[in-house]
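Shown next: data_36.cif, containing mmCIF, C-alpha atoms.
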data_entry
loop_
_atom_site.label_atom_id
_atom_site.label_comp_id
_atom_site.auth_asym_id
_atom_site.auth_seq_id
_atom_site.Cartn_x
_atom_site.Cartn_y
_atom_site.Cartn_z
CA ASP C 1 9.48 -43.36 30.76
CA ALA C 2 8.99 -42.22 34.31
CA GLY C 3 12.13 -40.06 34.11
CA TRP C 4 11.09 -38.17 30.94
CA PRO C 5 10.63 -35.34 30.50
CA PRO C 6 12.94 -34.22 33.32
CA PRO C 7 11.57 -31.75 35.86
CA PRO C 8 12.18 -28.04 35.20
CA PRO C 9 15.25 -26.53 36.84
CA GLU C 10 14.65 -24.57 39.99
CA PHE C 11 16.01 -21.40 38.38
CA PRO C 12 15.42 -21.44 34.58
CA SER C 13 18.43 -20.53 32.51
CA TYR C 14 18.09 -17.93 29.72
CA GLY C 15 21.63 -18.20 28.42
CA GLY C 16 22.04 -18.05 24.68
CA ALA C 17 18.46 -16.88 23.95
CA SER C 18 17.94 -14.08 21.44
CA HIS C 19 15.00 -11.89 20.64
CA GLY C 20 12.91 -13.65 18.04
CA GLY C 21 14.54 -16.98 18.83
CA ALA C 22 12.62 -20.09 19.73
CA SER C 23 14.70 -21.18 22.69
CA TYR C 24 14.72 -19.68 26.17
CA GLY C 25 15.99 -22.63 28.16
CA GLY C 26 19.68 -23.25 27.58
CA ALA C 27 22.10 -25.88 28.80
CA ASP C 28 24.40 -23.46 30.58
CA ASN C 29 23.85 -25.29 33.86
CA GLY C 30 25.21 -28.50 32.38
CA GLY C 31 21.85 -30.25 32.36
CA PRO C 32 19.35 -30.81 29.57
CA ALA C 33 16.95 -28.04 28.59
CA TRP C 34 13.43 -28.34 29.99
CA GLY C 35 11.32 -30.46 27.71
CA ALA C 36 14.30 -31.77 25.70
CA PRO C 37 14.01 -35.45 24.60
CA VAL C 38 16.19 -38.08 26.16
CA PRO C 39 18.10 -40.55 24.00
CA GLY C 40 15.74 -43.01 22.32
CA HIS C 41 12.81 -40.60 22.49
CA GLU C 42 13.75 -38.01 19.88
CA PRO C 43 10.80 -36.83 17.72
CA ARG C 44 10.93 -37.68 14.04
CA PRO C 45 12.29 -34.88 11.79
CA PRO C 46 9.51 -33.00 10.02
CA ARG C 47 8.82 -33.75 6.40
CA LYS C 48 10.11 -31.22 3.90
CA ARG C 49 7.71 -28.59 2.66
CA GLN C 50 7.48 -27.38 -0.89
CA SER C 51 7.88 -23.68 -1.43
CA GLY C 52 7.83 -21.16 -4.24
CA LEU C 53 9.21 -17.64 -4.37
CA ILE C 54 9.31 -15.14 -7.19
CA THR C 55 12.00 -12.47 -7.20
CA ALA C 56 10.96 -9.10 -5.83
CA VAL C 57 11.32 -5.81 -7.65
CA LEU C 58 14.03 -3.75 -6.00
CA VAL C 59 12.86 -0.36 -4.71
CA ALA C 60 14.55 2.40 -2.75
CA ALA C 61 13.69 3.31 0.85
CA LEU C 62 9.97 2.98 0.18
CA ILE C 63 8.92 -0.08 -1.77
CA ALA C 64 5.77 -0.37 -3.78
CA GLY C 65 3.64 -2.92 -1.99
CA GLY C 66 2.26 -4.76 -4.98
CA VAL C 67 3.44 -5.82 -8.40
CA GLY C 68 6.74 -7.60 -8.45
CA GLY C 69 6.65 -7.65 -4.70
CA GLY C 70 7.10 -11.38 -4.73
CA ILE C 71 4.38 -14.00 -4.82
CA GLY C 72 5.69 -16.22 -2.10
CA TYR C 73 3.79 -19.05 -0.53
CA TRP C 74 4.49 -22.27 1.25
CA ALA C 75 2.26 -25.25 0.43
CA ALA C 76 1.96 -27.64 3.33
CA GLU C 77 1.24 -31.28 2.54
CA SER C 78 -2.20 -32.19 3.77
CA ASN C 79 -1.61 -35.79 4.81
CA ASP C 80 1.53 -35.96 6.91
CA GLU C 81 2.40 -39.44 8.04
CA GLY C 82 2.24 -40.22 11.68
CA SER C 83 -0.74 -38.00 12.44
CA ILE C 84 -2.50 -38.93 15.65
CA ALA C 85 -6.17 -39.12 16.51
CA SER C 86 -7.79 -35.86 17.57
CA THR C 87 -10.67 -35.13 19.90
CA THR C 88 -11.49 -31.82 18.22
CA VAL C 89 -14.78 -31.35 16.40
CA SER C 90 -14.47 -31.59 12.63
CA ALA C 91 -15.41 -28.66 10.40
CA ALA C 92 -18.34 -30.65 9.04
CA ASP C 93 -19.91 -30.61 12.50
CA ALA C 94 -19.50 -26.85 12.93
CA PRO C 95 -22.32 -24.36 12.29
CA LYS C 96 -22.77 -23.49 8.62
CA GLU C 97 -22.75 -19.74 9.25
CA VAL C 98 -21.54 -17.68 12.15
CA LYS C 99 -23.04 -14.21 12.33
CA ARG C 100 -21.12 -11.26 13.72
CA ASP C 101 -22.48 -8.03 15.15
CA ALA C 102 -22.62 -5.06 12.80
CA GLY C 103 -19.56 -2.85 13.09
CA THR C 104 -17.17 -5.62 14.06
CA VAL C 105 -14.12 -6.31 11.92
CA ALA C 106 -15.57 -9.68 10.94
CA SER C 107 -18.82 -8.07 9.83
CA VAL C 108 -17.04 -5.36 7.81
CA ALA C 109 -14.74 -7.93 6.20
CA ALA C 110 -17.62 -10.22 5.23
CA LYS C 111 -19.43 -7.31 3.58
CA SER C 112 -16.36 -5.87 1.83
CA LEU C 113 -14.51 -8.96 0.59
CA PRO C 114 -16.91 -9.67 -2.32
CA SER C 115 -15.99 -6.25 -3.75
CA VAL C 116 -12.20 -6.72 -3.56
CA VAL C 117 -10.25 -8.44 -6.34
CA THR C 118 -6.79 -9.94 -6.67
CA ILE C 119 -5.13 -8.57 -9.81
CA GLU C 120 -2.59 -10.56 -11.79
CA ALA C 121 -0.62 -8.61 -14.40
CA GLN C 122 1.70 -10.23 -16.93
CA GLY C 123 3.58 -8.20 -19.50
CA GLY C 124 4.76 -9.39 -22.87
CA ASN C 125 8.36 -9.28 -21.62
CA GLY C 126 7.62 -11.72 -18.82
CA GLU C 127 7.47 -9.12 -16.06
CA GLY C 128 4.47 -9.06 -13.80
CA GLY C 129 3.10 -9.77 -10.38
CA THR C 130 0.14 -9.70 -8.08
CA GLY C 131 -1.70 -6.78 -6.51
CA THR C 132 -5.16 -5.81 -5.36
CA GLY C 133 -8.05 -3.63 -6.51
CA PHE C 134 -11.66 -2.95 -5.60
CA VAL C 135 -14.95 -2.39 -7.40
CA TYR C 136 -15.38 1.31 -8.14
CA ASP C 137 -18.73 1.27 -9.95
CA LYS C 138 -21.40 -1.10 -11.27
CA GLU C 139 -20.02 -0.83 -14.83
CA GLY C 140 -17.04 -2.97 -13.86
CA HIS C 141 -14.36 -0.35 -13.24
CA ILE C 142 -11.71 -1.44 -10.73
CA LEU C 143 -9.57 1.07 -8.84
CA THR C 144 -5.96 0.12 -8.10
CA ASN C 145 -2.35 1.38 -8.20
CA ASN C 146 -0.54 2.19 -11.42
CA HIS C 147 2.43 0.06 -10.42
CA VAL C 148 0.16 -2.97 -10.06
CA VAL C 149 -0.92 -2.94 -13.72
CA ALA C 150 1.92 -1.07 -15.44
CA SER C 151 3.60 -4.22 -16.77
CA ALA C 152 0.44 -5.24 -18.65
CA ALA C 153 -0.60 -1.77 -19.81
CA ASN C 154 0.95 -2.05 -23.26
CA GLY C 155 0.15 -5.54 -24.49
CA GLY C 156 -0.11 -8.06 -21.71
CA ASP C 157 -2.52 -10.19 -19.75
CA LEU C 158 -4.56 -8.72 -16.93
CA THR C 159 -7.04 -10.63 -14.76
CA ALA C 160 -9.13 -9.87 -11.69
CA THR C 161 -10.22 -12.65 -9.34
CA PHE C 162 -13.03 -12.15 -6.84
CA SER C 163 -13.19 -13.69 -3.37
CA ASN C 164 -15.58 -16.38 -4.70
CA GLY C 165 -12.85 -17.57 -7.07
CA LYS C 166 -14.39 -16.22 -10.27
CA LYS C 167 -11.79 -14.73 -12.60
CA TYR C 168 -12.35 -12.11 -15.29
CA ASN C 169 -10.14 -10.68 -17.98
CA ALA C 170 -9.56 -6.95 -17.68
CA GLU C 171 -8.04 -4.05 -19.58
CA VAL C 172 -6.42 -0.79 -18.54
CA VAL C 173 -8.67 2.26 -18.92
CA GLY C 174 -6.14 4.82 -17.78
CA ARG C 175 -3.02 5.28 -15.63
CA ALA C 176 -1.54 8.15 -13.67
CA GLU C 177 2.10 7.44 -12.82
CA GLY C 178 2.58 10.53 -10.69
CA TYR C 179 -0.43 9.75 -8.53
CA ASP C 180 0.20 5.97 -8.73
CA VAL C 181 -3.48 5.46 -9.54
CA ALA C 182 -4.97 3.32 -12.30
CA VAL C 183 -8.41 2.25 -13.45
CA VAL C 184 -9.03 -1.08 -15.14
CA LYS C 185 -12.28 -2.51 -16.43
CA LEU C 186 -13.59 -6.06 -16.50
CA LYS C 187 -14.11 -7.07 -20.13
CA GLU C 188 -17.26 -9.05 -19.34
CA ALA C 189 -18.39 -7.56 -16.06
CA PRO C 190 -20.93 -9.66 -14.17
CA SER C 191 -24.23 -8.17 -13.10
CA GLY C 192 -24.81 -7.26 -9.50
CA LEU C 193 -21.40 -5.73 -8.78
CA THR C 194 -21.33 -3.86 -5.46
CA PRO C 195 -18.96 -0.88 -5.37
CA LEU C 196 -17.29 -0.21 -2.04
CA PRO C 197 -18.60 2.98 -0.40
CA LEU C 198 -16.16 5.89 -0.36
CA ALA C 199 -15.57 7.96 2.77
CA ASN C 200 -14.33 11.56 3.02
CA SER C 201 -10.63 11.18 3.74
CA GLU C 202 -10.48 14.78 4.97
CA HIS C 203 -12.49 13.67 8.01
CA VAL C 204 -10.04 10.92 9.02
CA ALA C 205 -8.40 11.46 12.41
CA VAL C 206 -5.21 10.05 13.87
CA GLY C 207 -6.17 7.04 15.99
CA ASP C 208 -9.15 6.01 13.85
CA SER C 209 -9.44 2.26 13.30
CA THR C 210 -8.40 0.89 9.90
CA ILE C 211 -9.00 -2.36 8.02
CA ALA C 212 -6.81 -3.34 5.06
CA ILE C 213 -7.78 -6.00 2.51
CA GLY C 214 -5.41 -7.41 -0.08
CA ALA C 215 -3.26 -10.25 -1.35
CA PRO C 216 0.04 -10.02 0.58
CA PHE C 217 2.63 -12.29 -1.07
CA GLY C 218 -0.18 -13.66 -3.24
CA LEU C 219 -2.37 -14.71 -0.28
CA SER C 220 -5.69 -13.39 -1.55
CA ASN C 221 -8.52 -12.11 0.66
CA THR C 222 -6.27 -11.29 3.60
CA VAL C 223 -7.70 -8.90 6.20
CA THR C 224 -5.55 -6.93 8.66
CA THR C 225 -6.36 -4.18 11.13
CA GLY C 226 -4.70 -1.16 12.71
CA ILE C 227 -5.15 2.56 13.19
CA ILE C 228 -4.35 5.80 11.38
CA SER C 229 -0.87 6.59 12.67
CA ALA C 230 -0.45 9.95 10.93
CA LYS C 231 -1.98 12.16 8.24
CA ASN C 232 -0.44 14.23 5.44
CA ARG C 233 2.73 12.16 5.49
CA PRO C 234 4.90 13.21 2.51
CA VAL C 235 5.83 10.04 0.63
CA ALA C 236 7.77 9.59 -2.59
CA SER C 237 7.82 6.04 -3.88
CA GLY C 238 8.92 4.36 -7.08
CA ASP C 239 10.20 1.28 -8.83
CA GLY C 240 13.86 2.03 -8.14
CA SER C 241 14.59 3.26 -11.66
CA GLY C 242 13.32 6.78 -11.09
CA SER C 243 11.22 6.57 -14.25
CA SER C 244 7.85 6.25 -12.54
CA ASN C 245 8.13 8.01 -9.20
CA SER C 246 4.94 9.01 -7.44
CA TYR C 247 4.25 11.56 -4.74
CA MET C 248 1.52 11.62 -2.15
CA SER C 249 0.42 13.30 1.03
CA ALA C 250 -0.38 9.94 2.52
CA LEU C 251 -2.43 8.41 5.27
CA GLN C 252 -0.06 6.40 7.45
CA THR C 253 -1.32 3.20 9.09
CA ASP C 254 0.12 0.42 11.19
CA ALA C 255 -2.25 -2.15 9.68
CA SER C 256 -0.08 -4.93 8.26
CA ILE C 257 0.57 -4.14 4.58
CA ASN C 258 2.93 -6.27 2.51
CA PRO C 259 3.89 -6.72 -1.16
CA GLY C 260 0.64 -7.69 -2.87
CA ASN C 261 -1.56 -5.35 -0.80
CA SER C 262 -0.96 -2.53 -3.27
CA GLY C 263 -4.12 -1.14 -4.81
CA GLY C 264 -6.30 -2.62 -2.10
CA PRO C 265 -8.70 -0.61 0.03
CA LEU C 266 -7.91 0.88 3.41
CA LEU C 267 -11.28 0.96 5.17
CA ASP C 268 -12.62 2.78 8.20
CA SER C 269 -14.54 1.02 10.95
CA ARG C 270 -17.76 1.33 8.93
CA GLY C 271 -16.29 -0.37 5.87
CA ALA C 272 -15.97 2.79 3.76
CA VAL C 273 -12.79 3.34 1.74
CA ILE C 274 -10.50 6.06 3.12
CA GLY C 275 -7.43 5.26 1.01
CA ILE C 276 -5.61 3.01 -1.45
CA ASN C 277 -2.75 1.02 0.11
CA SER C 278 0.30 1.93 -1.96
CA ALA C 279 3.67 1.78 -0.21
CA ILE C 280 5.49 0.51 2.86
CA GLN C 281 8.66 1.51 4.62
CA SER C 282 11.28 -1.16 4.07
CA ALA C 283 13.51 -2.36 6.89
CA GLY C 284 15.97 -3.98 4.46
CA SER C 285 16.62 -7.31 2.82
CA GLY C 286 14.25 -10.17 3.38
CA GLY C 287 17.02 -12.76 3.13
CA MET C 288 17.70 -15.48 0.57
CA GLY C 289 19.69 -12.92 -1.42
CA GLN C 290 16.57 -10.95 -2.25
CA SER C 291 15.49 -7.42 -1.39
CA GLN C 292 12.12 -8.66 -0.27
CA ALA C 293 10.65 -6.85 2.72
CA GLY C 294 7.52 -7.12 4.80
CA SER C 295 5.47 -4.97 7.11
CA ILE C 296 7.16 -3.16 9.96
CA GLY C 297 4.02 -1.22 10.82
CA LEU C 298 4.64 1.69 8.46
CA GLY C 299 2.17 1.58 5.60
CA PHE C 300 1.02 4.46 3.40
CA ALA C 301 -2.23 4.96 1.52
CA ILE C 302 -3.35 7.50 -1.09
CA PRO C 303 -6.28 9.46 0.41
CA ILE C 304 -9.46 8.39 -1.36
CA ASN C 305 -10.56 11.97 -2.09
CA GLN C 306 -7.50 12.40 -4.30
CA ALA C 307 -7.81 8.92 -5.82
CA LYS C 308 -11.46 9.53 -6.69
CA ASN C 309 -10.65 12.76 -8.56
CA VAL C 310 -7.97 10.94 -10.53
CA ALA C 311 -10.17 7.91 -11.23
CA ASP C 312 -13.04 10.02 -12.54
CA GLN C 313 -10.66 11.84 -14.89
CA LEU C 314 -9.16 8.58 -16.15
CA ILE C 315 -12.59 7.08 -16.80
CA LYS C 316 -13.64 10.25 -18.64
CA THR C 317 -10.58 10.85 -20.83
CA GLY C 318 -8.07 8.07 -20.17
CA LYS C 319 -5.45 10.68 -19.26
CA PRO C 320 -4.46 12.15 -15.90
CA VAL C 321 -4.57 15.88 -15.17
CA TYR C 322 -2.10 17.35 -12.68
CA PRO C 323 -2.38 20.72 -10.91
CA VAL C 324 0.84 22.78 -11.21
CA ILE C 325 2.30 26.06 -9.95
CA GLY C 326 4.36 26.61 -13.10
CA ALA C 327 7.76 26.45 -11.45
CA THR C 328 10.57 23.90 -11.22
CA VAL C 329 11.75 23.08 -7.70
CA THR C 330 14.77 21.14 -6.50
CA MET C 331 14.05 17.56 -5.45
CA ALA C 332 16.54 17.28 -2.60
CA GLU C 333 14.81 15.91 0.50
CA GLY C 334 15.12 17.01 4.10
CA GLY C 335 15.72 20.76 3.98
CA GLU C 336 14.13 24.02 5.04
CA GLY C 337 11.72 24.16 2.13
CA ALA C 338 11.26 23.66 -1.60
CA THR C 339 13.69 25.86 -3.52
CA ILE C 340 12.72 27.12 -6.96
CA SER C 341 15.55 26.03 -9.24
CA ALA C 342 17.89 28.36 -11.09
CA GLN C 343 16.60 26.93 -14.36
CA GLY C 344 14.14 24.37 -15.62
CA GLU C 345 14.65 21.22 -17.63
CA GLY C 346 16.83 21.64 -20.67
CA GLY C 347 17.87 25.15 -19.67
CA THR C 348 14.34 26.55 -19.79
CA PRO C 349 13.29 29.20 -17.26
CA ALA C 350 12.50 27.72 -13.84
CA VAL C 351 9.43 29.95 -13.54
CA VAL C 352 7.13 29.63 -16.56
CA ALA C 353 6.35 32.99 -18.14
CA ASN C 354 2.78 34.09 -17.36
CA GLY C 355 2.32 30.89 -15.36
CA PRO C 356 0.70 30.66 -11.90
CA ALA C 357 3.97 31.19 -9.98
CA ALA C 358 5.06 34.08 -12.20
CA LYS C 359 1.71 35.83 -11.79
CA ALA C 360 2.06 35.40 -8.02
CA GLY C 361 5.47 37.10 -8.07
CA LEU C 362 7.63 34.05 -7.35
CA LYS C 363 11.19 33.94 -8.70
CA ALA C 364 14.09 31.51 -9.07
CA GLY C 365 15.83 31.04 -5.74
CA ASP C 366 12.69 31.58 -3.63
CA VAL C 367 12.28 28.93 -0.92
CA ILE C 368 8.67 27.81 -0.40
CA THR C 369 8.23 26.93 3.28
CA LYS C 370 4.46 26.54 3.67
CA PHE C 371 1.52 25.43 1.52
CA ASN C 372 -1.84 26.58 2.92
CA GLY C 373 -0.17 26.68 6.32
CA THR C 374 1.32 23.18 6.07
CA PRO C 375 5.12 23.16 6.54
CA ILE C 376 7.11 22.25 3.42
CA ASP C 377 10.58 20.75 3.83
CA SER C 378 11.38 19.65 0.26
CA GLY C 379 10.31 19.56 -3.37
CA PRO C 380 8.61 16.14 -3.10
CA THR C 381 6.61 17.36 -0.09
CA LEU C 382 5.43 20.41 -2.05
CA ILE C 383 4.41 18.25 -5.02
CA GLY C 384 2.47 15.89 -2.76
CA GLN C 385 0.55 18.85 -1.31
CA ILE C 386 -0.15 20.43 -4.71
CA TRP C 387 -1.51 17.15 -6.05
CA THR C 388 -4.14 16.95 -3.33
CA HIS C 389 -5.86 19.85 -5.12
CA LYS C 390 -7.45 20.46 -8.52
CA PRO C 391 -6.48 22.86 -11.30
CA GLY C 392 -8.10 26.22 -10.62
CA ASP C 393 -7.87 25.95 -6.83
CA LYS C 394 -6.43 28.98 -5.05
CA VAL C 395 -3.70 28.20 -2.52
CA THR C 396 -1.50 30.30 -0.24
CA LEU C 397 2.27 29.88 -0.40
CA THR C 398 4.72 31.16 2.20
CA TYR C 399 8.25 31.70 0.88
CA LYS C 400 11.58 33.22 1.82
CA ARG C 401 13.62 35.56 -0.37
CA ASP C 402 16.90 37.05 0.84
CA GLY C 403 16.01 36.06 4.39
CA LYS C 404 12.62 37.80 4.33
CA GLU C 405 9.39 35.79 4.64
CA SER C 406 6.37 36.64 2.48
CA THR C 407 3.08 35.06 1.43
CA THR C 408 1.32 35.01 -1.92
CA GLN C 409 -1.78 33.45 -3.41
CA VAL C 410 -1.44 31.12 -6.41
CA THR C 411 -4.18 29.85 -8.71
CA LEU C 412 -3.11 26.35 -9.74
CA GLY C 413 -2.68 25.63 -13.42
CA GLU C 414 -2.93 22.24 -15.10
CA ARG C 415 -0.90 19.74 -17.07
CA GLU C 416 -2.50 16.87 -18.97
CA GLY C 417 -0.68 13.58 -19.26
CA GLU C 418 2.68 12.54 -17.92
CA SER C 419 5.70 14.81 -18.05
#

Write out the structure in this file as structure tokens.
Amino acid sequence: DAGWPPPPPEFPSYGGASHGGASYGGADNGGPAWGAPVPGHEPRPPRKRQSGLITAVLVAALIAGGVGGGIGYWAAESNDEGSIASTTVSAADAPKEVKRDAGTVASVAAKSLPSVVTIEAQGGNGEGGTGTGFVYDKEGHILTNNHVVASAANGGDLTATFSNGKKYNAEVVGRAEGYDVAVVKLKEAPSGLTPLPLANSEHVAVGDSTIAIGAPFGLSNTVTTGIISAKNRPVASGDGSGSSNSYMSALQTDASINPGNSGGPLLDSRGAVIGINSAIQSAGSGGMGQSQAGSIGLGFAIPINQAKNVADQLIKTGKPVYPVIGATVTMAEGGEGATISAQGEGGTPAVVANGPAAKAGLKAGDVITKFNGTPIDSGPTLIGQIWTHKPGDKVTLTYKRDGKESTTQVTLGEREGES
């Protein structure tokens, strides 16, 4: 009709609008909103969409971004009634291949995607979920997070699906709960596997470009971009039960990382791996009565230098090796340092006799404030720093005793397996 839609008001009204809402034109002036249908011209209600959502695993402040993170997707019907003719060119008429300049995100993604897999883990108790991994070597080893494959580690089904849709059965080679690193191997690895190149994560700088590849909410082969927001970020993450907590001195990125991205590669602008996407900061409940959360721009990745050391050990022996100082520290967060406890687990001495800390002169009650010059504010932060090194490395600790600050050199010991 000639009178529809009505002309826009001279001064648009913003009454009733909210951030994130879809409406900015209200009816506060008594007239219809701009673009609103008049009686007899209302659009037909949309057809209902089918949806599926699997319950998320509940985690504390930091949630693991992979297994149990919810495999949610919405399947849109392809042939909605009432569709109108279009003047757009069909996909069949488009060029078969569009080349992108080397160094662009599209070029890096095209080269890297064939080496990234979507991992599906299903335990015998019915628990499981979806995560990500990437080709580590030509023998078929896949690097990922421990929490991605943990449910299928002791008798379960584990598969890895490549970007071309080919799926392979896999098995766990080794897991390191503390590092949150795992290695799996394809049972019948195809020939011609291309491992992703590994960068030196020590050379990463704040502001460097990042590219993340993964399967957020089960949406495989998803590529997102961002930058390195911070380095050496102390992060403690877990499954909420406290039984499999992990500690890292993480690379922080604002690239969009969601449940399902866990275990996937964080790449630099050249396409080399600088980290393994492992955790995100949760903003709270995702609605629908579930503690499902998505990206708020705070993602954390295990530096690839550390992950490589762990992976090589797991491939060699199947067991992780942890560097230790031979002292028990309190795990309270947000303090002035890491305090050596009065006693260890089960009433044992907090400082192991003839251990690294004892040989360095450390005692119960000492507060460790720096590790190789890096400030330490808590036990988890200290552990994350220690685990960036190898057994046998010499490190310098700054500590306070009776208000006096001192420094000492410690040669890191080792512990095999989980504690």

Nearest to Val321 in chain C, chosen from C:Gly379, C:Pro265, C:Pro391, C:Gly365, with only C-alpha atoms counted in the distances: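 Distance minimum relative to Val321 in chain C lands on C:Pro391.
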
Residue nearest Tyr399 in chain C among C:Leu412, C:Leu267, C:Ala338, C:Ile315 (counting only C-alpha atoms):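 The closest residue to Tyr399 in chain C is C:Ala338.
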
The PyMOL selection byres ((chain C and resi 178) around 9) applied to the shown file, residues as a list of chain:residue names: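 Given this file, the PyMOL selection byres ((chain C and resi 178) around 9) evaluates to C:Asn146, C:Ala176, C:Glu177, C:Tyr179, C:Asp180, C:Val181, C:Ser244, C:Asn245, C:Ser246, C:Tyr247, C:Met248, C:Pro320, C:Tyr322, C:Glu418.
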
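Here CA of Ala332 in chain C is placed at a distance of 19.1 Å from CA of Ala250 in chain C.
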
Result set of the PyMOL selection byres ((chain C and resi 404-409) around 10) on the coordinates above, as number ranges by chain: C: 356-357, 359-362, 366-372, 394-403, 410-412

Option closest in space to Ile257 in chain C, from C:Thr328, C:Thr104, C:Gln281, C:Asn164 [counting only C-alpha atoms]: C:Gln281

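Taken over the whole file, the PyMOL selection byres ((chain C and resi 217-233) around 6) covers exactly C:Gly70, C:Ile71, C:Gly72, C:Val206, C:Gly207, C:Asp208, C:Ser209, C:Thr210, C:Ile211, C:Ala212, C:Ile213, C:Gly214, C:Ala215, C:Pro216, C:Pro234, C:Ser249, C:Ala250, C:Leu251, C:Gln252, C:Thr253, C:Asp254, C:Ala255, C:Ser256, C:Pro259, C:Gly260.
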
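For the atom pair formed by CA of Gly417 in chain C and CA of Val310 in chain C, the distance is 11.7 Å, given to one decimal.
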
Proximity to Pro380 in chain C - best of C:Gly335, C:Gly155, C:Gly133, C:Gly344, all atoms listed in the file: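 Ranking C:Gly335, C:Gly155, C:Gly133, C:Gly344 by distance to Pro380 in chain C, first place goes to C:Gly335.
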
When you get a chance, write out N, CA, C and O atoms for range 139-152 of chain C, as a PDB file, in the coordinates of the input.
ATOM      1  N   GLU C 139     -20.379  -0.556 -13.427  1.00  0.00           N
ATOM      2  CA  GLU C 139     -20.020  -0.830 -14.830  1.00  0.00           C
ATOM      3  C   GLU C 139     -18.808  -1.744 -14.939  1.00  0.00           C
ATOM      4  O   GLU C 139     -18.435  -2.136 -16.043  1.00  0.00           O
ATOM      5  N   GLY C 140     -18.175  -2.052 -13.831  1.00  0.00           N
ATOM      6  CA  GLY C 140     -17.040  -2.970 -13.860  1.00  0.00           C
ATOM      7  C   GLY C 140     -15.687  -2.306 -13.778  1.00  0.00           C
ATOM      8  O   GLY C 140     -14.660  -2.957 -14.022  1.00  0.00           O
ATOM      9  N   HIS C 141     -15.643  -1.014 -13.428  1.00  0.00           N
ATOM     10  CA  HIS C 141     -14.360  -0.350 -13.240  1.00  0.00           C
ATOM     11  C   HIS C 141     -13.758  -0.745 -11.896  1.00  0.00           C
ATOM     12  O   HIS C 141     -14.443  -0.784 -10.879  1.00  0.00           O
ATOM     13  N   ILE C 142     -12.460  -1.029 -11.921  1.00  0.00           N
ATOM     14  CA  ILE C 142     -11.710  -1.440 -10.730  1.00  0.00           C
ATOM     15  C   ILE C 142     -10.640  -0.394 -10.466  1.00  0.00           C
ATOM     16  O   ILE C 142      -9.884  -0.013 -11.362  1.00  0.00           O
ATOM     17  N   LEU C 143     -10.569   0.074  -9.226  1.00  0.00           N
ATOM     18  CA  LEU C 143      -9.570   1.070  -8.840  1.00  0.00           C
ATOM     19  C   LEU C 143      -8.371   0.366  -8.200  1.00  0.00           C
ATOM     20  O   LEU C 143      -8.535  -0.513  -7.359  1.00  0.00           O
ATOM     21  N   THR C 144      -7.168   0.762  -8.602  1.00  0.00           N
ATOM     22  CA  THR C 144      -5.960   0.120  -8.100  1.00  0.00           C
ATOM     23  C   THR C 144      -4.783   1.081  -8.231  1.00  0.00           C
ATOM     24  O   THR C 144      -4.963   2.258  -8.563  1.00  0.00           O
ATOM     25  N   ASN C 145      -3.576   0.587  -7.998  1.00  0.00           N
ATOM     26  CA  ASN C 145      -2.350   1.380  -8.200  1.00  0.00           C
ATOM     27  C   ASN C 145      -1.840   1.242  -9.618  1.00  0.00           C
ATOM     28  O   ASN C 145      -1.995   0.183 -10.251  1.00  0.00           O
ATOM     29  N   ASN C 146      -1.184   2.277 -10.114  1.00  0.00           N
ATOM     30  CA  ASN C 146      -0.540   2.190 -11.420  1.00  0.00           C
ATOM     31  C   ASN C 146       0.521   1.111 -11.441  1.00  0.00           C
ATOM     32  O   ASN C 146       0.624   0.351 -12.411  1.00  0.00           O
ATOM     33  N   HIS C 147       1.331   1.018 -10.378  1.00  0.00           N
ATOM     34  CA  HIS C 147       2.430   0.060 -10.420  1.00  0.00           C
ATOM     35  C   HIS C 147       1.961  -1.387 -10.381  1.00  0.00           C
ATOM     36  O   HIS C 147       2.721  -2.293 -10.683  1.00  0.00           O
ATOM     37  N   VAL C 148       0.698  -1.610 -10.041  1.00  0.00           N
ATOM     38  CA  VAL C 148       0.160  -2.970 -10.060  1.00  0.00           C
ATOM     39  C   VAL C 148      -0.068  -3.440 -11.492  1.00  0.00           C
ATOM     40  O   VAL C 148       0.174  -4.598 -11.823  1.00  0.00           O
ATOM     41  N   VAL C 149      -0.524  -2.544 -12.362  1.00  0.00           N
ATOM     42  CA  VAL C 149      -0.920  -2.940 -13.720  1.00  0.00           C
ATOM     43  C   VAL C 149       0.021  -2.455 -14.803  1.00  0.00           C
ATOM     44  O   VAL C 149      -0.179  -2.770 -15.979  1.00  0.00           O
ATOM     45  N   ALA C 150       1.051  -1.703 -14.442  1.00  0.00           N
ATOM     46  CA  ALA C 150       1.920  -1.070 -15.440  1.00  0.00           C
ATOM     47  C   ALA C 150       2.535  -2.075 -16.402  1.00  0.00           C
ATOM     48  O   ALA C 150       2.670  -1.802 -17.596  1.00  0.00           O
ATOM     49  N   SER C 151       2.919  -3.248 -15.909  1.00  0.00           N
ATOM     50  CA  SER C 151       3.600  -4.220 -16.770  1.00  0.00           C
ATOM     51  C   SER C 151       2.692  -4.756 -17.868  1.00  0.00           C
ATOM     52  O   SER C 151       3.170  -5.221 -18.903  1.00  0.00           O
ATOM     53  N   ALA C 152       1.375  -4.707 -17.659  1.00  0.00           N
ATOM     54  CA  ALA C 152       0.440  -5.240 -18.650  1.00  0.00           C
ATOM     55  C   ALA C 152      -0.309  -4.134 -19.388  1.00  0.00           C
ATOM     56  O   ALA C 152      -1.270  -4.415 -20.108  1.00  0.00           O
TER      57      ALA C 152
END
